[in-house]
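Coordinates from final_19.cif are shown below (mmCIF, C-alpha atoms).
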```cif
data_start
#
loop_
_atom_site.label_atom_id
_atom_site.label_comp_id
_atom_site.auth_asym_id
_atom_site.auth_seq_id
_atom_site.Cartn_x
_atom_site.Cartn_y
_atom_site.Cartn_z
CA MET A 173 -47.70 -54.03 67.40
CA SER A 174 -46.97 -51.55 69.98
CA ASP A 175 -47.38 -47.89 69.67
CA HIS A 176 -43.65 -47.40 69.91
CA THR A 177 -43.02 -49.91 67.12
CA THR A 178 -45.66 -48.32 64.94
CA ARG A 179 -44.05 -44.93 65.34
CA ALA A 180 -40.65 -46.41 64.55
CA VAL A 181 -42.03 -48.06 61.43
CA LEU A 182 -43.63 -44.77 60.35
CA ARG A 183 -40.37 -42.90 60.90
CA LEU A 184 -38.56 -45.62 58.99
CA ASN A 185 -41.07 -45.32 56.13
CA GLU A 186 -40.65 -41.54 56.15
CA SER A 187 -36.88 -41.92 56.14
CA LEU A 188 -37.07 -44.45 53.31
CA ALA A 189 -39.33 -42.09 51.34
CA GLU A 190 -36.81 -39.28 51.90
CA VAL A 191 -33.94 -41.57 50.82
CA VAL A 192 -35.89 -42.62 47.72
CA GLU A 193 -36.65 -38.96 46.92
CA LEU A 194 -33.01 -37.97 47.52
CA ASN A 195 -31.91 -40.86 45.30
CA ARG A 196 -34.25 -39.63 42.53
CA THR A 197 -32.95 -36.07 42.95
CA ILE A 198 -29.35 -37.31 42.80
CA ARG A 199 -30.09 -39.33 39.64
CA ARG A 200 -31.83 -36.35 38.01
CA GLN A 201 -28.92 -34.05 38.94
CA ARG A 202 -26.43 -36.65 37.67
CA ASP A 203 -28.34 -36.85 34.36
CA GLU A 204 -28.39 -33.04 34.10
CA LEU A 205 -24.68 -32.94 34.94
CA THR A 206 -23.99 -35.55 32.25
CA GLN A 207 -25.97 -33.49 29.72
CA HIS A 208 -24.10 -30.33 30.73
CA HIS A 209 -20.81 -32.19 30.45
CA GLU A 210 -21.72 -33.46 26.95
CA ARG A 211 -22.72 -29.94 25.83
CA LEU A 212 -19.52 -28.56 27.32
CA ALA A 213 -17.44 -31.22 25.53
CA GLN A 214 -19.23 -30.42 22.25
CA ALA A 215 -18.67 -26.68 22.76
CA SER A 216 -15.01 -27.35 23.54
CA THR A 217 -14.65 -29.38 20.34
CA GLU A 218 -16.34 -26.63 18.30
CA LEU A 219 -14.12 -24.03 19.94
CA ASP A 220 -11.01 -26.07 19.12
CA GLU A 221 -12.14 -26.40 15.49
CA SER A 222 -12.88 -22.68 15.32
CA HIS A 223 -9.50 -21.89 16.85
CA GLN A 224 -7.79 -24.09 14.25
CA GLY A 225 -9.72 -22.27 11.52
CA VAL A 226 -8.66 -18.89 12.89
CA ARG A 227 -5.04 -20.02 13.08
CA SER A 228 -5.21 -21.34 9.52
CA LEU A 229 -6.75 -18.09 8.30
CA HIS A 230 -4.11 -16.10 10.17
CA ALA A 231 -1.35 -18.16 8.52
CA GLU A 232 -2.91 -17.59 5.08
CA LEU A 233 -3.19 -13.85 5.72
CA GLN A 234 0.41 -13.72 6.92
CA SER A 235 1.58 -15.56 3.82
CA SER A 236 -0.48 -13.32 1.54
CA MET A 237 0.85 -10.23 3.28
CA GLU A 238 4.46 -11.39 2.90
CA GLN A 239 3.89 -12.22 -0.78
CA SER A 240 2.29 -8.80 -1.33
CA ARG A 241 5.17 -7.08 0.43
CA HIS A 242 7.69 -8.99 -1.68
CA GLU A 243 5.85 -8.17 -4.92
CA GLY A 244 5.70 -4.51 -3.89
CA GLU A 245 9.42 -4.46 -3.21
CA VAL A 246 10.17 -6.05 -6.59
CA LYS A 247 7.90 -3.56 -8.35
CA THR A 248 9.49 -0.64 -6.52
CA ARG A 249 13.01 -1.82 -7.38
CA LEU A 250 11.99 -2.24 -11.02
CA VAL A 251 10.46 1.24 -11.22
CA THR A 252 13.45 2.78 -9.46
CA ASN A 253 16.01 1.01 -11.64
CA LEU A 254 14.09 1.75 -14.83
CA SER A 255 13.67 5.39 -13.85
CA HIS A 256 17.37 5.79 -13.14
CA GLU A 257 18.26 4.13 -16.44
CA LEU A 258 15.96 6.51 -18.31
CA ARG A 259 17.23 9.64 -16.60
CA THR A 260 20.79 9.35 -17.97
CA PRO A 261 19.88 9.46 -21.67
CA LEU A 262 17.20 12.07 -21.02
CA HIS A 263 19.74 14.36 -19.36
CA SER A 264 22.04 13.83 -22.35
CA ILE A 265 19.24 14.73 -24.77
CA LEU A 266 18.33 17.81 -22.74
CA GLY A 267 21.96 18.89 -22.49
CA LEU A 268 22.63 18.45 -26.22
CA THR A 269 19.45 20.27 -27.23
CA GLN A 270 20.37 23.13 -24.90
CA LEU A 271 23.85 23.33 -26.46
CA LEU A 272 22.37 23.34 -29.96
CA GLN A 273 19.86 26.02 -29.08
CA ALA A 274 22.45 28.21 -27.33
CA ASP A 275 25.11 28.03 -30.09
CA PRO A 276 24.39 30.58 -32.84
CA GLU A 277 27.12 29.18 -35.11
CA HIS A 278 25.11 26.11 -35.98
CA ASN A 279 22.87 28.20 -38.24
CA LEU A 280 19.78 26.06 -37.73
CA THR A 281 16.81 26.62 -39.98
CA GLU A 282 13.51 27.66 -38.47
CA GLU A 283 12.18 24.12 -38.97
CA GLN A 284 15.26 22.63 -37.27
CA GLN A 285 14.87 25.03 -34.35
CA LYS A 286 11.19 24.08 -34.11
CA GLN A 287 12.09 20.37 -34.10
CA LEU A 288 14.82 21.02 -31.50
CA ARG A 289 12.30 22.78 -29.21
CA PHE A 290 9.93 19.85 -29.68
CA ILE A 291 12.69 17.34 -28.78
CA ARG A 292 13.68 19.39 -25.74
CA SER A 293 10.05 19.78 -24.60
CA SER A 294 9.33 16.06 -25.08
CA ALA A 295 12.50 15.04 -23.24
CA SER A 296 11.66 17.46 -20.43
CA ASP A 297 8.12 16.03 -20.16
CA LEU A 298 9.50 12.49 -20.15
CA LEU A 299 12.04 13.42 -17.46
CA GLN A 300 9.18 14.85 -15.38
CA LEU A 301 7.30 11.56 -15.73
CA VAL A 302 10.41 9.58 -14.72
CA ASN A 303 10.93 11.85 -11.69
CA ASP A 304 7.28 11.35 -10.71
CA MET A 305 7.79 7.59 -10.92
CA LEU A 306 10.82 7.89 -8.65
CA ASP A 307 8.79 9.96 -6.17
CA LEU A 308 6.06 7.33 -6.19
CA GLY A 309 8.65 4.64 -5.53
CA ARG A 310 10.03 6.65 -2.62
CA LEU A 311 6.56 7.08 -1.15
CA GLN A 312 5.86 3.36 -1.43
CA THR A 313 9.07 2.48 0.40
CA GLY A 314 8.34 4.92 3.19
CA HIS A 315 10.64 7.74 2.10
CA ARG A 316 8.62 10.89 2.33
CA MET A 317 11.05 13.15 0.45
CA LEU A 318 9.32 14.73 -2.49
CA ARG A 319 10.60 17.36 -4.88
CA ARG A 320 9.21 20.85 -4.54
CA ALA A 321 7.50 22.37 -7.56
CA ASP A 322 10.48 24.70 -8.16
CA GLN A 323 12.81 21.65 -8.30
CA LEU A 324 10.85 19.83 -10.99
CA ALA A 325 12.75 21.09 -14.02
#
```
As a first step, turn the structure in this file into structure tokens.
Amino acid sequence: MSDHTTRAVLRLNESLAEVVELNRTIRRQRDELTQHHERLAQASTELDESHQGVRSLHAELQSSMEQSRHEGEVKTRLVTNLSHELRTPLHSILGLTQLLQADPEHNLTEEQQKQLRFIRSSASDLLQLVNDMLDLGRLQTGHRMLRRADQLA
């Protein structure tokens, strides 16, 4: 073999070695890329599942919040209606006891006057409680109007 041929064969061997090494590098990179792709696909699946879980939880929270709001509205309406229904007879009781106490012609005994004061005091306390319930209902519905202390009676 000639010197020129020998050099050509050596260059060809070197080139083949480089091609083989490049081929190995490409295969290794392809394997790494496949592994990265599989991990990315798995992460994407986990993210989708997590997203579905978050959406489901959000829907449950929304439903619970709406149910709570509805129950609160029903409770507030009940308290308001009940309070208004109680105020009418209480005002009647207070008005009648005031008339009885103010009219000297009724000639009430001391015991009757004592019982009348007790009835008036109890009705007044009950009216205060009813008014407090109404105030609480107003606060819960967002109305901030409260009675001043001098308006309580």
Quiz item: Written as a PyMOL selection string, which residues does the PyMOL selection byres ((chain A and resi 257-270) around 7) give for the file shown?
Solution: chain A and resi 253-256+271-274+288+292+295+299
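Taking atom CA of A:Arg310 and atom CA of A:Thr248 as the two end points, the separation is 8.3 Å.
The coordinates place atom CA of A:Asn195 at 26.1 Å from atom CA of A:Thr177.
Atom pair atom CA of A:Ser187 / atom CA of A:Gln201 has a distance of 20.5 Å (rounded to one decimal).
Each of A:Ala213, A:Leu280, A:Leu308, A:Ile291 was compared to A:Thr252 using only C-alpha atoms, and A:Leu308 turns out to be the nearest.
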Since fewer atoms than expected are present, regenerate all heavy atoms for stretch 187-198 of chain A and write them as a compact mmCIF listing (two decimals), in the coordinates of the input.
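This is the output file rebuild_10.txt:
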```
# COMPACT_ATOMS: atom_id res chain seq x y z
N SER A 187 -38.31 -42.00 56.46
CA SER A 187 -36.88 -41.92 56.14
C SER A 187 -36.61 -42.59 54.80
O SER A 187 -35.85 -42.08 53.97
CB SER A 187 -36.04 -42.58 57.23
OG SER A 187 -36.14 -41.85 58.43
N LEU A 188 -37.24 -43.75 54.59
CA LEU A 188 -37.07 -44.45 53.31
C LEU A 188 -37.62 -43.61 52.16
O LEU A 188 -37.02 -43.55 51.09
CB LEU A 188 -37.77 -45.81 53.34
CG LEU A 188 -37.04 -46.92 54.09
CD1 LEU A 188 -37.91 -48.17 54.16
CD2 LEU A 188 -35.72 -47.23 53.43
N ALA A 189 -38.75 -42.95 52.37
CA ALA A 189 -39.33 -42.09 51.34
C ALA A 189 -38.37 -40.93 51.03
O ALA A 189 -38.18 -40.55 49.88
CB ALA A 189 -40.69 -41.57 51.78
N GLU A 190 -37.77 -40.37 52.10
CA GLU A 190 -36.81 -39.28 51.90
C GLU A 190 -35.58 -39.77 51.13
O GLU A 190 -35.08 -39.10 50.23
CB GLU A 190 -36.37 -38.69 53.24
CG GLU A 190 -37.41 -37.82 53.89
CD GLU A 190 -36.94 -37.28 55.24
OE1 GLU A 190 -35.73 -37.34 55.55
OE2 GLU A 190 -37.79 -36.79 55.99
N VAL A 191 -35.10 -40.98 51.49
CA VAL A 191 -33.94 -41.57 50.82
C VAL A 191 -34.27 -41.82 49.35
O VAL A 191 -33.46 -41.53 48.45
CB VAL A 191 -33.47 -42.86 51.53
CG1 VAL A 191 -32.47 -43.63 50.68
CG2 VAL A 191 -32.89 -42.54 52.89
N VAL A 192 -35.47 -42.35 49.09
CA VAL A 192 -35.89 -42.62 47.72
C VAL A 192 -35.95 -41.30 46.94
O VAL A 192 -35.48 -41.19 45.80
CB VAL A 192 -37.24 -43.37 47.68
CG1 VAL A 192 -37.85 -43.38 46.29
CG2 VAL A 192 -37.07 -44.78 48.21
N GLU A 193 -36.54 -40.27 47.58
CA GLU A 193 -36.65 -38.96 46.92
C GLU A 193 -35.26 -38.36 46.70
O GLU A 193 -34.98 -37.81 45.63
CB GLU A 193 -37.51 -38.01 47.76
CG GLU A 193 -37.78 -36.67 47.11
CD GLU A 193 -38.46 -36.79 45.75
OE1 GLU A 193 -39.28 -37.70 45.53
OE2 GLU A 193 -38.13 -35.95 44.87
N LEU A 194 -34.38 -38.47 47.68
CA LEU A 194 -33.01 -37.97 47.52
C LEU A 194 -32.29 -38.72 46.40
O LEU A 194 -31.56 -38.13 45.61
CB LEU A 194 -32.22 -38.12 48.83
CG LEU A 194 -32.53 -37.08 49.91
CD1 LEU A 194 -31.80 -37.44 51.22
CD2 LEU A 194 -32.09 -35.70 49.47
N ASN A 195 -32.52 -40.03 46.34
CA ASN A 195 -31.91 -40.86 45.30
C ASN A 195 -32.40 -40.41 43.93
O ASN A 195 -31.61 -40.30 42.99
CB ASN A 195 -32.22 -42.33 45.57
CG ASN A 195 -31.32 -43.25 44.78
OD1 ASN A 195 -30.29 -42.84 44.29
ND2 ASN A 195 -31.73 -44.50 44.65
N ARG A 196 -33.70 -40.12 43.80
CA ARG A 196 -34.25 -39.63 42.53
C ARG A 196 -33.64 -38.27 42.19
O ARG A 196 -33.28 -38.01 41.03
CB ARG A 196 -35.77 -39.50 42.63
CG ARG A 196 -36.50 -40.80 42.57
CD ARG A 196 -38.00 -40.59 42.59
NE ARG A 196 -38.66 -41.86 42.79
CZ ARG A 196 -39.77 -42.04 43.46
NH1 ARG A 196 -40.39 -41.00 44.02
NH2 ARG A 196 -40.31 -43.23 43.58
N THR A 197 -33.53 -37.40 43.17
CA THR A 197 -32.95 -36.07 42.95
C THR A 197 -31.49 -36.20 42.50
O THR A 197 -31.05 -35.53 41.56
CB THR A 197 -33.04 -35.23 44.23
OG1 THR A 197 -34.42 -35.12 44.63
CG2 THR A 197 -32.46 -33.84 44.03
N ILE A 198 -30.76 -37.09 43.16
CA ILE A 198 -29.35 -37.31 42.80
C ILE A 198 -29.25 -37.84 41.37
O ILE A 198 -28.41 -37.37 40.59
CB ILE A 198 -28.67 -38.26 43.80
CG1 ILE A 198 -28.48 -37.55 45.14
CG2 ILE A 198 -27.34 -38.77 43.27
CD1 ILE A 198 -28.00 -38.46 46.27
```
